[in-house]
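Participant: What follows is start-v9.pdb, PDB, C-alpha atoms.
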```pdb
MODEL        1
ATOM      1  CA  MET A   1     127.265 226.443  39.530
ATOM      2  CA  ILE A   2     130.398 224.407  40.178
ATOM      3  CA  LEU A   3     128.208 221.315  40.599
ATOM      4  CA  LEU A   4     126.587 222.020  37.251
ATOM      5  CA  LYS A   5     130.014 222.358  35.626
ATOM      6  CA  LEU A   6     131.136 219.082  37.198
ATOM      7  CA  PHE A   7     128.001 217.301  36.008
ATOM      8  CA  TRP A   8     128.292 218.660  32.468
ATOM      9  CA  SER A   9     131.999 217.830  32.187
ATOM     10  CA  PHE A  10     131.544 214.228  33.287
ATOM     11  CA  PHE A  11     128.352 213.951  31.244
ATOM     12  CA  GLN A  12     130.449 214.689  28.151
ATOM     13  CA  ILE A  13     133.096 212.211  29.287
ATOM     14  CA  GLY A  14     130.411 209.538  29.756
ATOM     15  CA  LEU A  15     128.775 210.404  26.440
ATOM     16  CA  PHE A  16     131.884 210.288  24.273
ATOM     17  CA  SER A  17     133.998 207.554  25.845
ATOM     18  CA  ILE A  18     132.907 205.152  23.131
ATOM     19  CA  GLY A  19     134.559 201.775  23.388
ATOM     20  CA  GLY A  20     134.817 201.893  27.160
ATOM     21  CA  GLY A  21     137.874 201.383  29.337
ATOM     22  CA  TYR A  22     140.772 203.506  28.274
ATOM     23  CA  ALA A  23     138.671 205.554  25.837
ATOM     24  CA  ALA A  24     137.631 207.746  28.779
ATOM     25  CA  MET A  25     141.223 208.688  29.587
ATOM     26  CA  PRO A  26     141.879 211.308  26.882
ATOM     27  CA  LEU A  27     138.430 212.832  27.488
ATOM     28  CA  ILE A  28     139.058 213.109  31.220
ATOM     29  CA  GLN A  29     142.404 214.771  30.554
ATOM     30  CA  ASN A  30     140.712 217.173  28.150
ATOM     31  CA  GLN A  31     137.954 218.111  30.622
ATOM     32  CA  VAL A  32     139.731 218.254  33.977
ATOM     33  CA  VAL A  33     143.224 219.420  32.953
ATOM     34  CA  ASP A  34     142.779 221.397  29.731
ATOM     35  CA  ILE A  35     139.312 222.947  29.924
ATOM     36  CA  HIS A  36     138.895 223.255  33.704
ATOM     37  CA  PRO A  37     141.715 223.913  36.173
ATOM     38  CA  TRP A  38     140.651 221.040  38.400
ATOM     39  CA  LEU A  39     143.783 218.874  38.251
ATOM     40  CA  SER A  40     147.379 219.482  37.212
ATOM     41  CA  MET A  41     148.846 217.083  34.664
ATOM     42  CA  ALA A  42     150.843 215.487  37.510
ATOM     43  CA  GLN A  43     147.676 214.933  39.560
ATOM     44  CA  PHE A  44     145.915 213.556  36.484
ATOM     45  CA  ALA A  45     148.763 211.092  35.994
ATOM     46  CA  ASP A  46     148.510 210.099  39.673
ATOM     47  CA  ILE A  47     144.796 209.433  39.448
ATOM     48  CA  MET A  48     145.273 207.351  36.298
ATOM     49  CA  ALA A  49     147.799 205.207  38.186
ATOM     50  CA  ILE A  50     145.446 204.934  41.176
ATOM     51  CA  ALA A  51     142.454 204.177  38.928
ATOM     52  CA  GLU A  52     144.415 201.389  37.258
ATOM     53  CA  MET A  53     145.127 199.825  40.659
ATOM     54  CA  THR A  54     141.597 200.053  42.084
ATOM     55  CA  PRO A  55     138.452 198.297  40.851
ATOM     56  CA  GLY A  56     135.803 200.105  38.841
ATOM     57  CA  PRO A  57     135.774 201.991  35.541
ATOM     58  CA  ILE A  58     138.445 204.672  35.084
ATOM     59  CA  ALA A  59     135.855 207.388  34.441
ATOM     60  CA  ILE A  60     133.989 206.664  37.709
ATOM     61  CA  ASN A  61     137.239 206.691  39.666
ATOM     62  CA  ALA A  62     138.250 209.993  38.097
ATOM     63  CA  ALA A  63     134.773 211.452  38.651
ATOM     64  CA  THR A  64     134.933 210.625  42.349
ATOM     65  CA  PHE A  65     138.470 211.961  42.782
ATOM     66  CA  VAL A  66     137.882 215.203  40.885
ATOM     67  CA  GLY A  67     134.424 215.692  42.401
ATOM     68  CA  ILE A  68     135.735 215.410  45.964
ATOM     69  CA  ARG A  69     138.605 217.822  45.315
ATOM     70  CA  VAL A  70     136.380 220.394  43.653
ATOM     71  CA  ALA A  71     133.191 220.216  45.749
ATOM     72  CA  GLY A  72     133.465 217.541  48.439
ATOM     73  CA  LEU A  73     131.387 214.393  48.643
ATOM     74  CA  VAL A  74     128.423 216.046  46.918
ATOM     75  CA  GLY A  75     130.768 216.903  44.064
ATOM     76  CA  ALA A  76     131.879 213.278  43.847
ATOM     77  CA  ILE A  77     128.287 212.059  43.645
ATOM     78  CA  VAL A  78     127.261 214.685  41.099
ATOM     79  CA  ALA A  79     130.287 213.982  38.885
ATOM     80  CA  THR A  80     129.647 210.227  39.072
ATOM     81  CA  LEU A  81     125.979 210.761  38.177
ATOM     82  CA  GLY A  82     127.022 212.883  35.206
ATOM     83  CA  CYS A  83     129.357 210.126  34.131
ATOM     84  CA  VAL A  84     126.796 207.288  34.131
ATOM     85  CA  THR A  85     123.738 209.215  32.907
ATOM     86  CA  PRO A  86     124.561 209.172  29.157
ATOM     87  CA  SER A  87     125.304 205.448  28.952
ATOM     88  CA  CYS A  88     122.211 204.603  31.040
ATOM     89  CA  ALA A  89     120.037 206.717  28.760
ATOM     90  CA  ILE A  90     121.602 205.383  25.559
ATOM     91  CA  VAL A  91     121.496 201.729  26.567
ATOM     92  CA  MET A  92     117.884 201.997  27.775
ATOM     93  CA  ALA A  93     116.835 203.772  24.581
ATOM     94  CA  LEU A  94     118.538 201.058  22.541
ATOM     95  CA  ALA A  95     116.906 198.320  24.616
ATOM     96  CA  PHE A  96     113.453 199.798  24.003
ATOM     97  CA  ALA A  97     114.046 200.597  20.328
ATOM     98  CA  TYR A  98     116.003 197.469  19.510
ATOM     99  CA  HIS A  99     113.346 195.697  17.468
ATOM    100  CA  ARG A 100     112.208 198.706  15.522
ATOM    101  CA  PHE A 101     115.623 200.192  14.961
ATOM    102  CA  ARG A 102     116.324 200.304  11.237
ATOM    103  CA  GLY A 103     119.336 202.589  11.081
ATOM    104  CA  MET A 104     121.547 199.971  12.744
ATOM    105  CA  GLY A 105     123.812 199.909   9.672
ATOM    106  CA  ILE A 106     124.570 203.602  10.060
ATOM    107  CA  VAL A 107     125.168 203.274  13.806
ATOM    108  CA  GLN A 108     127.614 200.465  13.125
ATOM    109  CA  GLY A 109     129.305 202.513  10.405
ATOM    110  CA  ILE A 110     129.722 205.412  12.834
ATOM    111  CA  LEU A 111     131.137 203.151  15.547
ATOM    112  CA  ALA A 112     133.512 201.549  13.033
ATOM    113  CA  ALA A 113     134.872 204.991  12.146
ATOM    114  CA  LEU A 114     135.100 206.050  15.792
ATOM    115  CA  ARG A 115     137.163 203.048  16.862
ATOM    116  CA  PRO A 116     140.384 204.090  15.068
ATOM    117  CA  ALA A 117     139.884 207.693  16.266
ATOM    118  CA  MET A 118     139.574 206.416  19.841
ATOM    119  CA  ILE A 119     142.809 204.437  19.443
ATOM    120  CA  ALA A 120     144.542 207.624  18.308
ATOM    121  CA  MET A 121     143.170 209.499  21.336
ATOM    122  CA  ILE A 122     144.261 206.816  23.780
ATOM    123  CA  ALA A 123     147.679 206.741  22.108
ATOM    124  CA  SER A 124     148.012 210.493  22.561
ATOM    125  CA  ALA A 125     146.957 210.334  26.228
ATOM    126  CA  GLY A 126     149.308 207.393  26.797
ATOM    127  CA  LEU A 127     152.188 209.377  25.317
ATOM    128  CA  SER A 128     151.334 212.298  27.616
ATOM    129  CA  LEU A 129     151.482 209.915  30.593
ATOM    130  CA  LEU A 130     154.826 208.535  29.415
ATOM    131  CA  ILE A 131     156.288 212.032  28.987
ATOM    132  CA  MET A 132     154.979 212.899  32.466
ATOM    133  CA  ALA A 133     156.591 209.750  33.918
ATOM    134  CA  VAL A 134     159.916 210.184  32.165
ATOM    135  CA  TYR A 135     160.400 213.960  32.204
ATOM    136  CA  GLY A 136     158.207 214.952  35.164
ATOM    137  CA  GLN A 137     156.461 217.603  33.086
ATOM    138  CA  ARG A 138     153.693 217.822  30.579
ATOM    139  CA  ALA A 139     155.456 218.799  27.356
ATOM    140  CA  LEU A 140     158.614 217.360  25.877
ATOM    141  CA  PRO A 141     161.560 219.437  27.146
ATOM    142  CA  GLY A 142     164.035 221.050  24.754
ATOM    143  CA  ASP A 143     166.743 218.727  26.046
ATOM    144  CA  LEU A 144     165.434 215.247  25.233
ATOM    145  CA  LEU A 145     168.305 213.632  27.144
ATOM    146  CA  SER A 146     167.184 215.084  30.485
ATOM    147  CA  PHE A 147     165.042 212.011  31.165
ATOM    148  CA  ASP A 148     164.701 210.122  34.427
ATOM    149  CA  GLY A 149     166.691 206.912  33.840
ATOM    150  CA  VAL A 150     164.893 204.971  36.571
ATOM    151  CA  ALA A 151     161.511 205.849  35.066
ATOM    152  CA  VAL A 152     162.632 204.796  31.590
ATOM    153  CA  ALA A 153     163.920 201.481  32.973
ATOM    154  CA  ILE A 154     160.652 200.743  34.822
ATOM    155  CA  PHE A 155     158.603 201.667  31.756
ATOM    156  CA  LEU A 156     160.675 199.432  29.476
ATOM    157  CA  ALA A 157     160.538 196.548  31.948
ATOM    158  CA  GLY A 158     156.751 196.801  32.175
ATOM    159  CA  PHE A 159     156.302 197.302  28.443
ATOM    160  CA  ILE A 160     158.519 194.372  27.452
ATOM    161  CA  ALA A 161     156.857 192.113  30.044
ATOM    162  CA  LEU A 162     153.424 193.059  28.683
ATOM    163  CA  ARG A 163     154.375 192.470  25.050
ATOM    164  CA  ARG A 164     156.108 189.191  25.752
ATOM    165  CA  TRP A 165     154.043 187.443  28.429
ATOM    166  CA  LYS A 166     150.743 189.363  28.416
ATOM    167  CA  PRO A 167     150.448 189.377  32.225
ATOM    168  CA  ASN A 168     147.504 190.872  34.081
ATOM    169  CA  PRO A 169     148.125 194.663  33.999
ATOM    170  CA  LEU A 170     147.559 194.712  37.751
ATOM    171  CA  TYR A 171     150.804 192.752  38.242
ATOM    172  CA  VAL A 172     152.660 195.202  36.034
ATOM    173  CA  MET A 173     151.299 198.103  38.108
ATOM    174  CA  ALA A 174     152.203 196.455  41.410
ATOM    175  CA  GLY A 175     155.614 195.434  40.078
ATOM    176  CA  SER A 176     156.430 198.915  38.820
ATOM    177  CA  GLY A 177     155.391 200.369  42.189
ATOM    178  CA  VAL A 178     157.761 198.007  43.994
ATOM    179  CA  LEU A 179     160.530 198.661  41.423
ATOM    180  CA  GLY A 180     159.998 202.401  41.949
ATOM    181  CA  VAL A 181     160.525 202.129  45.703
ATOM    182  CA  ILE A 182     163.599 199.902  45.335
ATOM    183  CA  LEU A 183     165.314 201.783  42.499
ATOM    184  CA  TYR A 184     164.651 205.329  43.790
ATOM    185  CA  ALA A 185     165.793 204.274  47.265
ATOM    186  CA  LEU A 186     169.032 202.807  45.904
ATOM    187  CA  LEU A 187     169.928 205.446  43.311
TER     188      LEU A 187
ATOM    189  CA  MET B 188     113.954 199.293  35.446
ATOM    190  CA  ALA B 189     114.600 198.836  39.175
ATOM    191  CA  GLY B 190     117.035 196.062  38.278
ATOM    192  CA  ALA B 191     118.870 198.354  35.866
ATOM    193  CA  LEU B 192     119.176 201.101  38.472
ATOM    194  CA  LEU B 193     120.363 198.664  41.142
ATOM    195  CA  THR B 194     122.997 197.286  38.781
ATOM    196  CA  VAL B 195     124.258 200.788  38.050
ATOM    197  CA  LEU B 196     124.408 201.494  41.772
ATOM    198  CA  GLY B 197     126.328 198.270  42.324
ATOM    199  CA  THR B 198     128.878 199.257  39.677
ATOM    200  CA  VAL B 199     129.270 202.812  40.866
ATOM    201  CA  LEU B 200     129.265 202.464  44.635
ATOM    202  CA  PRO B 201     132.492 200.462  45.215
ATOM    203  CA  PRO B 202     134.776 202.804  43.236
ATOM    204  CA  LEU B 203     132.985 205.819  44.746
ATOM    205  CA  VAL B 204     133.759 204.590  48.263
ATOM    206  CA  ILE B 205     137.306 203.430  47.513
ATOM    207  CA  ILE B 206     138.384 206.580  45.679
ATOM    208  CA  SER B 207     136.756 208.778  48.351
ATOM    209  CA  ILE B 208     138.994 207.096  50.907
ATOM    210  CA  VAL B 209     142.030 207.311  48.610
ATOM    211  CA  SER B 210     141.506 211.023  48.039
ATOM    212  CA  LEU B 211     141.320 211.556  51.813
ATOM    213  CA  PHE B 212     144.844 210.191  52.064
ATOM    214  CA  TYR B 213     146.127 211.552  48.762
ATOM    215  CA  GLN B 214     147.773 214.691  50.188
ATOM    216  CA  ALA B 215     149.530 212.794  52.988
ATOM    217  CA  PHE B 216     150.410 210.090  50.491
ATOM    218  CA  ARG B 217     151.992 212.592  48.125
ATOM    219  CA  GLU B 218     154.124 213.990  50.962
ATOM    220  CA  SER B 219     155.496 210.590  51.930
ATOM    221  CA  VAL B 220     158.798 209.907  50.165
ATOM    222  CA  VAL B 221     158.297 206.146  49.854
ATOM    223  CA  ALA B 222     154.732 206.513  48.545
ATOM    224  CA  ASN B 223     156.045 209.014  46.022
ATOM    225  CA  TRP B 224     158.593 206.516  44.773
ATOM    226  CA  ALA B 225     155.882 203.871  44.432
ATOM    227  CA  LEU B 226     153.562 206.291  42.629
ATOM    228  CA  SER B 227     156.340 207.397  40.266
ATOM    229  CA  GLY B 228     156.997 203.748  39.455
ATOM    230  CA  MET B 229     153.303 203.052  38.964
ATOM    231  CA  LEU B 230     153.052 205.997  36.586
ATOM    232  CA  CYS B 231     155.622 204.269  34.357
ATOM    233  CA  GLY B 232     153.576 201.073  34.726
ATOM    234  CA  VAL B 233     150.343 202.730  33.651
ATOM    235  CA  ALA B 234     152.074 204.317  30.637
ATOM    236  CA  ALA B 235     153.329 200.851  29.648
ATOM    237  CA  VAL B 236     149.866 199.297  30.095
ATOM    238  CA  VAL B 237     148.147 202.007  28.048
ATOM    239  CA  LEU B 238     150.664 201.883  25.202
ATOM    240  CA  ASP B 239     150.442 198.066  25.178
ATOM    241  CA  VAL B 240     146.659 198.326  24.831
ATOM    242  CA  VAL B 241     147.067 200.898  22.049
ATOM    243  CA  ILE B 242     149.384 198.600  20.093
ATOM    244  CA  ASN B 243     146.960 195.668  20.428
ATOM    245  CA  MET B 244     144.036 197.819  19.280
ATOM    246  CA  ALA B 245     146.016 199.364  16.408
ATOM    247  CA  GLN B 246     147.020 195.886  15.213
ATOM    248  CA  GLY B 247     143.306 195.071  14.989
ATOM    249  CA  VAL B 248     142.770 198.085  12.728
ATOM    250  CA  ILE B 249     145.795 197.263  10.574
ATOM    251  CA  ARG B 250     144.610 193.650  10.172
ATOM    252  CA  GLN B 251     141.309 194.879   8.679
ATOM    253  CA  LYS B 252     143.338 195.897   5.610
ATOM    254  CA  ARG B 253     141.017 198.811   4.908
ATOM    255  CA  ILE B 254     142.366 202.219   4.067
ATOM    256  CA  LEU B 255     139.696 204.406   5.693
ATOM    257  CA  PRO B 256     140.180 203.252   9.331
ATOM    258  CA  LEU B 257     143.954 203.576   8.941
ATOM    259  CA  VAL B 258     143.629 207.104   7.568
ATOM    260  CA  ILE B 259     141.217 208.021  10.397
ATOM    261  CA  MET B 260     143.623 206.649  13.011
ATOM    262  CA  VAL B 261     146.704 208.466  11.709
ATOM    263  CA  ALA B 262     144.875 211.699  10.897
ATOM    264  CA  SER B 263     143.176 211.812  14.336
ATOM    265  CA  PHE B 264     146.502 211.304  16.066
ATOM    266  CA  VAL B 265     148.206 214.059  14.082
ATOM    267  CA  ALA B 266     145.250 216.422  14.550
ATOM    268  CA  LEU B 267     145.148 215.872  18.325
ATOM    269  CA  ARG B 268     148.847 215.764  19.031
ATOM    270  CA  TYR B 269     150.326 218.301  16.647
ATOM    271  CA  PHE B 270     147.464 220.658  15.829
ATOM    272  CA  SER B 271     145.680 220.619  19.222
ATOM    273  CA  VAL B 272     142.326 220.045  17.543
ATOM    274  CA  ASN B 273     139.517 219.758  20.090
ATOM    275  CA  ILE B 274     138.822 216.136  20.967
ATOM    276  CA  LEU B 275     135.050 216.509  20.476
ATOM    277  CA  VAL B 276     135.601 217.970  17.012
ATOM    278  CA  VAL B 277     137.639 214.893  16.092
ATOM    279  CA  ILE B 278     134.928 212.556  17.436
ATOM    280  CA  LEU B 279     132.129 214.340  15.565
ATOM    281  CA  ALA B 280     134.140 214.521  12.334
ATOM    282  CA  CYS B 281     134.879 210.785  12.483
ATOM    283  CA  ALA B 282     131.212 209.998  13.244
ATOM    284  CA  LEU B 283     130.202 211.967  10.125
ATOM    285  CA  ILE B 284     132.829 210.174   8.027
ATOM    286  CA  GLY B 285     131.528 206.815   9.303
ATOM    287  CA  ALA B 286     127.917 207.702   8.480
ATOM    288  CA  ALA B 287     128.854 208.974   5.003
ATOM    289  CA  ASP B 288     130.921 205.865   4.308
ATOM    290  CA  THR B 289     128.029 203.569   5.304
ATOM    291  CA  LEU B 290     125.586 205.468   3.074
ATOM    292  CA  ARG B 291     128.018 205.288   0.177
ATOM    293  CA  GLN B 292     128.454 201.526   0.602
ATOM    294  CA  GLU B 293     124.706 200.954   0.875
ATOM    295  CA  ARG B 294     124.077 202.974  -2.263
ATOM    296  CA  ARG B 295     126.724 201.044  -4.151
ATOM    297  CA  ARG B 296     125.203 197.762  -2.998
ATOM    298  CA  ALA B 297     121.741 198.878  -4.099
ATOM    299  CA  ALA B 298     122.974 199.926  -7.548
TER     300      ALA B 298
ENDMDL
END
```
For the structure just supplied, provide its representation as C-alpha cells.

Facilitator:
Amino acid sequence: MILLKLFWSFFQIGLFSIGGGYAAMPLIQNQVVDIHPWLSMAQFADIMAIAEMTPGPIAINAATFVGIRVAGLVGAIVATLGCVTPSCAIVMALAFAYHRFRGMGIVQGILAALRPAMIAMIASAGLSLLIMAVYGQRALPGDLLSFDGVAVAIFLAGFIALRRWKPNPLYVMAGSGVLGVILYALL
Amino acid sequence: MAGALLTVLGTVLPPLVIISIVSLFYQAFRESVVANWALSGMLCGVAAVVLDVVINMAQGVIRQKRILPLVIMVASFVALRYFSVNILVVILACALIGAADTLRQERRRAA
C-alpha cells in the first residue's frame, strides 16, 4: 500500500513537472510535505540542497531519498519508477504519433500557457526555501526582524554573484557551503 | 525500444546510487555541527540559485510582450501563495486556458 502511494505520488510529479529541472520542485514539496507526511519542510529543504549538489534530475534524487526513508531500497526504486514512467510513456507516444499528430498547435498552446504557471510555482517554492533558510521555519514569523543574519548574508552573496557573473550554480552551492561553515563557526 | 530503456536506466541509476548512499549518512550528517553549518549555507545557496532561475525565466515571459502569459504568471503565483489553491488545479486550469486561447486564435485566423 505504501509502495503504491509512493509510486502514485512520484508518477504525478513526473507527469506534471512540465519544463523539466526546477519545475519538479514545487510538485515534490506538494506531494511529500503537504499531502503525505514523508518529509518535514526542513528535510525537504535539505534534499533540495543535496539534489542541487549531486548529478541527476532533482525529481529522481528526491524520489530516491523519500523512497528510502519511507520504504527502504524497494521504496527508492518504486518511487524512481513512478517518476520516470509518465515521461517515458509520453515521449514514446509522441515519437510514434509524430507524423500523424495534427493537434500540435493545441499542444503548443497548452505548453505556452503552462510555462508562466510553472515559473510562478517555482517562484513560490523558491520563496519557501528562502524563508526556511532565513527563518528556520516554514511560514513567515510574526516578527520579520527575527531573521538569521548569516543566512541572509550568504543568500545575498550568492544571489548577487549569480546575477552579476552568471557562474555555474554548483560553484555558488559549494561557496555557500564553505561560507556557512566559516561564518557560523566565527559568529 | 531497448535503446530507450537502457538510456533511461543510465540516467536513473547514478542518482539512485548516489542519493542512496547520501541518505545512509543523512542522519549522522545532520547531527554533525560542521555539516549542519555547511548544509545551512547551502540552503541559502539553493534559494539564491532557484530565485535567479525564476528571474531569468520571468524575464523571458515579460519580453514576449503578451498579456495572457503575464496574467497567468501573476494569477498562478497569487493563487498558490495566498489562497493555497492546489497545484494540480492551477496546472489544469492553465492547460485549459492555453487550449482555449489556441482555438480562439485559429478561429480568428480562419475567419

Participant: Using all atoms listed in the file, which residues sit within 12 Å of Ala280 of chain B once same-chain residues fewer than 4 positions away are excluded, as a list in words?

Facilitator: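 The neighbour list is Ile110, Ala113, Leu114 and Ala117 of chain A; Ile259, Ala262, Ser263, Ala266, Val272, Asn273, Ile274, Leu275, Val276, Ile284, Gly285, Ala286 and Ala287 of chain B.
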
Participant: Counting only C-alpha atoms, which residue out of B:Leu200, B:Ala298, B:Cys281, B:Ala191 sits closest to Val258 of chain B?

Facilitator: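 Using only C-alpha atoms, Val258 of chain B sits closest to B:Cys281.
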
Participant: Can you build me a table of chain B residues sitting at most 6 Å from chain A, with the closest atom pair per residue and its distance in Å to one decimal, using only C-alpha atoms, sorted by chain and residue number, as a tab-separated table?

Facilitator:
```
residue	atom	partner	partner_atom	distance
B:Pro202	CA	A:Gly56	CA	5.3
B:Leu203	CA	A:Thr64	CA	5.7
B:Trp224	CA	A:Val181	CA	4.9
B:Ala225	CA	A:Gly177	CA	4.2
B:Gly228	CA	A:Gly180	CA	4.1
B:Met229	CA	A:Gly177	CA	4.7
B:Leu230	CA	A:Ala49	CA	5.5
B:Cys231	CA	A:Phe155	CA	4.7
B:Gly232	CA	A:Met173	CA	5.0
B:Val233	CA	A:Ala49	CA	5.8
B:Ala234	CA	A:Leu130	CA	5.2
B:Ala235	CA	A:Phe159	CA	4.8
B:Val237	CA	A:Gly126	CA	5.6
B:Leu238	CA	A:Gly126	CA	5.9
B:Val241	CA	A:Ala123	CA	5.9
B:Pro256	CA	A:Pro116	CA	5.8
B:Met260	CA	A:Pro116	CA	4.6
B:Ser263	CA	A:Ala117	CA	5.6
B:Phe264	CA	A:Ala120	CA	4.7
B:Cys281	CA	A:Leu114	CA	5.8
B:Ala282	CA	A:Ile110	CA	4.8
B:Gly285	CA	A:Ile110	CA	4.2
B:Ala286	CA	A:Ile110	CA	5.2
B:Thr289	CA	A:Gly109	CA	5.4
```

Participant: Keeping only C-alpha atoms, write the selected residues as a PDB file, keeping the file's coordinate frame.

Facilitator:
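Final output, part31.pdb:
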```pdb
ATOM      1  CA  PRO B 202     134.776 202.804  43.236  1.00  0.00           C
ATOM      2  CA  LEU B 203     132.985 205.819  44.746  1.00  0.00           C
ATOM      3  CA  TRP B 224     158.593 206.516  44.773  1.00  0.00           C
ATOM      4  CA  ALA B 225     155.882 203.871  44.432  1.00  0.00           C
ATOM      5  CA  GLY B 228     156.997 203.748  39.455  1.00  0.00           C
ATOM      6  CA  MET B 229     153.303 203.052  38.964  1.00  0.00           C
ATOM      7  CA  LEU B 230     153.052 205.997  36.586  1.00  0.00           C
ATOM      8  CA  CYS B 231     155.622 204.269  34.357  1.00  0.00           C
ATOM      9  CA  GLY B 232     153.576 201.073  34.726  1.00  0.00           C
ATOM     10  CA  VAL B 233     150.343 202.730  33.651  1.00  0.00           C
ATOM     11  CA  ALA B 234     152.074 204.317  30.637  1.00  0.00           C
ATOM     12  CA  ALA B 235     153.329 200.851  29.648  1.00  0.00           C
ATOM     13  CA  VAL B 237     148.147 202.007  28.048  1.00  0.00           C
ATOM     14  CA  LEU B 238     150.664 201.883  25.202  1.00  0.00           C
ATOM     15  CA  VAL B 241     147.067 200.898  22.049  1.00  0.00           C
ATOM     16  CA  PRO B 256     140.180 203.252   9.331  1.00  0.00           C
ATOM     17  CA  MET B 260     143.623 206.649  13.011  1.00  0.00           C
ATOM     18  CA  SER B 263     143.176 211.812  14.336  1.00  0.00           C
ATOM     19  CA  PHE B 264     146.502 211.304  16.066  1.00  0.00           C
ATOM     20  CA  CYS B 281     134.879 210.785  12.483  1.00  0.00           C
ATOM     21  CA  ALA B 282     131.212 209.998  13.244  1.00  0.00           C
ATOM     22  CA  GLY B 285     131.528 206.815   9.303  1.00  0.00           C
ATOM     23  CA  ALA B 286     127.917 207.702   8.480  1.00  0.00           C
ATOM     24  CA  THR B 289     128.029 203.569   5.304  1.00  0.00           C
TER      25      THR B 289
END
```

Participant: Interatomic distance between atom CA of Ala245 of chain B and atom CA of Asp288 of chain B?

Facilitator: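 Computing the Euclidean distance for atom CA of Ala245 of chain B and atom CA of Asp288 of chain B yields 20.4 Å.
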
Participant: Expressed in Å to a single decimal, how great is the separation between atom CA of Arg295 of chain B and atom CA of Val248 of chain B?

Facilitator: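 Separation of atom CA of Arg295 of chain B and atom CA of Val248 of chain B: 23.5 Å.
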
Participant: To one decimal place in Å, what is the distance between atom CA of Phe212 of chain B and atom CA of Ala23 of chain A?

Facilitator: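 Value for the atom CA of Phe212 of chain B-atom CA of Ala23 of chain A distance: 27.3 Å.
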
Participant: What would the selection look like, as a list of chain:residue names, if the PyMOL selection byres ((chain A and resi 7) around 8) were run on the coordinates I just shared?

Facilitator: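 This file, filtered by the PyMOL selection byres ((chain A and resi 7) around 8), leaves A:Leu3, A:Leu4, A:Lys5, A:Leu6, A:Trp8, A:Ser9, A:Phe10, A:Phe11, A:Val78, A:Ala79, A:Thr80, A:Leu81, A:Gly82, A:Cys83.
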
Participant: Output the selection as a PDB file, in the coordinates of the input - C-alpha atoms for each residue.

Facilitator:
```pdb
ATOM      1  CA  LEU A   3     128.208 221.315  40.599  1.00  0.00           C
ATOM      2  CA  LEU A   4     126.587 222.020  37.251  1.00  0.00           C
ATOM      3  CA  LYS A   5     130.014 222.358  35.626  1.00  0.00           C
ATOM      4  CA  LEU A   6     131.136 219.082  37.198  1.00  0.00           C
ATOM      5  CA  TRP A   8     128.292 218.660  32.468  1.00  0.00           C
ATOM      6  CA  SER A   9     131.999 217.830  32.187  1.00  0.00           C
ATOM      7  CA  PHE A  10     131.544 214.228  33.287  1.00  0.00           C
ATOM      8  CA  PHE A  11     128.352 213.951  31.244  1.00  0.00           C
ATOM      9  CA  VAL A  78     127.261 214.685  41.099  1.00  0.00           C
ATOM     10  CA  ALA A  79     130.287 213.982  38.885  1.00  0.00           C
ATOM     11  CA  THR A  80     129.647 210.227  39.072  1.00  0.00           C
ATOM     12  CA  LEU A  81     125.979 210.761  38.177  1.00  0.00           C
ATOM     13  CA  GLY A  82     127.022 212.883  35.206  1.00  0.00           C
ATOM     14  CA  CYS A  83     129.357 210.126  34.131  1.00  0.00           C
TER      15      CYS A  83
END
```

Participant: What would the selection look like, as a count of residues only, if the PyMOL selection byres ((chain B and resi 188) around 12) were run on the coordinates I just shared?

Facilitator: 13
